[in-house]
Amino acid sequence: MSGISKANLHRLVLYGNMVLFILLASSTNVVAKEISTRHDPLWIAFWRVLIAAPALALVLKLMQRKILLHPVDRWRFFVLAVLAVLGNQLLYILGIAHSTATHAALLYGTTPAWVLIMAVWLGMEKLRVWKVGGITLSILGVIIVLAGSGLSFEGGSLRGDVLLLMAVLSFSAYTTLGKPLVERYGALESTFLVMAFGAVLYFPIGLPAALTADYANVTLADAGMVLYLGLVTSGLVYVLWYWLVSYLRPTQVAVIMCAQPPTTFFIASLFQGEQLTPALLIGATVTLVGILLTVIGGGEKRNIDFKPARGA
């Protein structure tokens, strides 16, 4: 790696993980909408979390990582599990079943605004012009993209949109409140603890739906989508998210969510023949400028050393 300074290498790793997160997360709305329209969202959410927790435990074991959980942090991870699994994942899958992937993308695009409000209210961040400007530009870009795609809100999707908004608020709180813990325990460890607590919490809720589900109608493609939601979305994507949270301010990470709508449309144009429009190109550009302003303008919260913080 001669010719690349350590600082530049750190930035490459940081930005590379951002891009990977965006690419993986952008397909979640499409996958979740597809599977939830054919099957009961309650058992989908059940298997999603029950796949994620053991998979993360296996990764921890293979990497020979141990978690020394402080007793005082148990209730904090319990709260994060409520927000991430019961609040975000369950409400999301229930909401998108009655709404659209486009509406979900728009509502999750407002995540940085909610995170900024929460972080300022909790005293974790200060209100700065570059934050407000960057977040405003990012959300404006999302609106331009979705308006150009014919976004409309009809009465039939109102129930789903309300559930999706509640999921966004839960995810915003999960992002903001999780920062101190992820800096102490590490992204992988924190995500495992959240999913493990979440699996225990959701088990009695989702078990009846899982036991009575008609698995005869589950195709191989359906199984693959559930695996994607469990392994990739609840596993890898959540780990990447908390990894970014550990090195950046909550608002800097949250603004990345604004890149999902244009990225999803770009992917659809490549694989599904969806036509690129001027609104998409303009909106994507505005969103990118807003993200760069928020992430680069604020600087890194702490240096990247490739080693997670440990609970001692």
# chains A, B, ... in the order shown; residues from 1 in each chain; ligands from 1
call {"tool": "residues_around", "arguments": {"residues": "A:Ala199", "least_positions_apart": "5", "cutoff": "9 Å", "atoms": "only C-alpha atoms", "output": "mmCIF file with C-alpha atoms, in the first residue's frame"}}
result
data_model
loop_
_atom_site.group_PDB
_atom_site.id
_atom_site.type_symbol
_atom_site.label_atom_id
_atom_site.label_comp_id
_atom_site.auth_asym_id
_atom_site.auth_seq_id
_atom_site.Cartn_x
_atom_site.Cartn_y
_atom_site.Cartn_z
ATOM 1 C CA PHE A 46 -39.795 -14.096 13.486
ATOM 2 C CA VAL A 49 -34.343 -12.215 13.915
ATOM 3 C CA LEU A 50 -33.926 -15.935 14.682
ATOM 4 C CA ALA A 52 -29.616 -13.092 12.537
ATOM 5 C CA ALA A 53 -28.803 -13.801 16.203
ATOM 6 C CA ALA A 81 -33.509 -4.440 21.223
ATOM 7 C CA VAL A 85 -36.538 -5.446 16.605
ATOM 8 C CA VAL A 194 -29.294 -6.363 20.271
#
call {"tool": "residues_around", "arguments": {"residues": "stretch 30-39 of chain A", "least_positions_apart": "4", "cutoff": "8 Å", "atoms": "only C-alpha atoms", "output": "number ranges by chain"}}
result
A: 44, 93-94, 96-97, 100-101, 222, 225-226, 229
call {"tool": "residues_around", "arguments": {"residues": "A:Tyr174", "least_positions_apart": "5", "cutoff": "12 Å", "atoms": "only C-alpha atoms", "output": "PyMOL selection string"}}
result
chain A and resi 76-89+111+114-115+118-119+167-169+179-182+190-191+194+238+241-242+245+250+254
call {"tool": "write_last_selection", "arguments": {"atoms": "C-alpha atoms", "output": "PDB file, in the first residue's frame"}}
result
ATOM      1  CA  ARG A  76     -29.591  -0.487  27.803  1.00  0.00           C
ATOM      2  CA  PHE A  77     -29.239  -3.310  25.292  1.00  0.00           C
ATOM      3  CA  PHE A  78     -32.773  -4.363  26.222  1.00  0.00           C
ATOM      4  CA  VAL A  79     -33.995  -0.890  25.229  1.00  0.00           C
ATOM      5  CA  LEU A  80     -31.991  -1.031  21.977  1.00  0.00           C
ATOM      6  CA  ALA A  81     -33.509  -4.440  21.223  1.00  0.00           C
ATOM      7  CA  VAL A  82     -37.014  -3.045  21.721  1.00  0.00           C
ATOM      8  CA  LEU A  83     -36.206  -0.179  19.349  1.00  0.00           C
ATOM      9  CA  ALA A  84     -34.421  -2.282  16.711  1.00  0.00           C
ATOM     10  CA  VAL A  85     -36.538  -5.446  16.605  1.00  0.00           C
ATOM     11  CA  LEU A  86     -40.005  -4.627  17.963  1.00  0.00           C
ATOM     12  CA  GLY A  87     -39.861  -0.988  16.915  1.00  0.00           C
ATOM     13  CA  ASN A  88     -37.965  -0.928  13.630  1.00  0.00           C
ATOM     14  CA  GLN A  89     -38.001  -4.418  12.118  1.00  0.00           C
ATOM     15  CA  THR A 111     -33.891   9.593   9.396  1.00  0.00           C
ATOM     16  CA  TRP A 114     -34.975  12.820  13.500  1.00  0.00           C
ATOM     17  CA  VAL A 115     -31.483  11.773  14.621  1.00  0.00           C
ATOM     18  CA  MET A 118     -32.698  13.528  19.245  1.00  0.00           C
ATOM     19  CA  ALA A 119     -28.918  14.045  19.398  1.00  0.00           C
ATOM     20  CA  ALA A 167     -40.333   2.350  12.474  1.00  0.00           C
ATOM     21  CA  VAL A 168     -38.189   5.281  11.318  1.00  0.00           C
ATOM     22  CA  LEU A 169     -38.514   6.972  14.708  1.00  0.00           C
ATOM     23  CA  LYS A 179     -23.514   5.227  20.053  1.00  0.00           C
ATOM     24  CA  PRO A 180     -22.012   5.058  23.602  1.00  0.00           C
ATOM     25  CA  LEU A 181     -22.499   1.283  23.736  1.00  0.00           C
ATOM     26  CA  VAL A 182     -21.090   0.551  20.299  1.00  0.00           C
ATOM     27  CA  SER A 190     -23.332  -4.690  20.016  1.00  0.00           C
ATOM     28  CA  THR A 191     -25.362  -5.906  17.052  1.00  0.00           C
ATOM     29  CA  VAL A 194     -29.294  -6.363  20.271  1.00  0.00           C
ATOM     30  CA  TYR A 238     -26.738  -3.654  11.027  1.00  0.00           C
ATOM     31  CA  TRP A 241     -24.366   0.697  10.496  1.00  0.00           C
ATOM     32  CA  TYR A 242     -23.081   0.461  14.060  1.00  0.00           C
ATOM     33  CA  VAL A 245     -21.854   5.011  14.253  1.00  0.00           C
ATOM     34  CA  PRO A 250     -25.017  10.013  14.716  1.00  0.00           C
ATOM     35  CA  ALA A 254     -27.962   8.925   9.561  1.00  0.00           C
TER      36      ALA A 254
END
call {"tool": "residues_around", "arguments": {"residues": "stretch 59-62 of chain A", "least_positions_apart": "4", "cutoff": "8 Å", "atoms": "only C-alpha atoms", "output": "list in words"}}
result
Ala55, Lys66, Leu188 and Glu189 of chain A
call {"tool": "write_last_selection", "arguments": {"atoms": "N, CA and C atoms", "output": "mmCIF file, in the first residue's frame"}}
result
data_model
loop_
_atom_site.group_PDB
_atom_site.id
_atom_site.type_symbol
_atom_site.label_atom_id
_atom_site.label_comp_id
_atom_site.auth_asym_id
_atom_site.auth_seq_id
_atom_site.Cartn_x
_atom_site.Cartn_y
_atom_site.Cartn_z
ATOM 1 N N ALA A 55 -26.430 -16.426 13.621
ATOM 2 C CA ALA A 55 -25.395 -16.158 12.620
ATOM 3 C C ALA A 55 -24.324 -15.224 13.187
ATOM 4 N N LYS A 66 -14.978 -12.439 22.699
ATOM 5 C CA LYS A 66 -15.814 -12.636 23.865
ATOM 6 C C LYS A 66 -16.372 -11.302 24.332
ATOM 7 N N LEU A 188 -19.862 -5.379 15.968
ATOM 8 C CA LEU A 188 -20.313 -6.763 15.870
ATOM 9 C C LEU A 188 -20.911 -7.237 17.181
ATOM 10 N N GLU A 189 -20.204 -6.957 18.264
ATOM 11 C CA GLU A 189 -20.678 -7.382 19.576
ATOM 12 C C GLU A 189 -22.013 -6.720 19.944
#
call {"tool": "select_by_dssp", "arguments": {"residues": "stretch 69-289 of chain A", "states": "alpha helix (DSSP H)", "output": "VMD selection string"}}
result
chain A and resid 71 to 81 91 to 97 101 to 108 111 to 121 129 to 148 158 to 185 187 to 212 220 to 227 238 to 247 250 to 254 260 to 271 278 to 289
call {"tool": "atom_distance", "arguments": {"atom1": "atom CA of A:Leu231", "atom2": "atom CA of A:Leu56"}}
result
8.5 Å
call {"tool": "closest_residue", "arguments": {"among": "A:Ile135, A:Ile4, A:Leu193, A:Leu177", "to": "A:Ser246", "atoms": "only C-alpha atoms"}}
result
A:Leu177
call {"tool": "closest_residue", "arguments": {"among": "A:Leu140, A:Gln64, A:Leu165, A:Val13", "to": "A:Ser99", "atoms": "only C-alpha atoms"}}
result
A:Leu165
call {"tool": "atom_distance", "arguments": {"atom1": "atom CA of A:Ile143", "atom2": "atom CA of A:Ala45"}}
result
28.9 Å
call {"tool": "closest_residue", "arguments": {"among": "A:Leu240, A:Ser170, A:Pro278, A:Thr176", "to": "A:Gly123", "atoms": "only C-alpha atoms"}}
result
A:Thr176
call {"tool": "closest_residue", "arguments": {"among": "A:Leu164, A:Ile51, A:Ile139, A:Ala57", "to": "A:Leu91", "atoms": "only C-alpha atoms"}}
result
A:Leu164
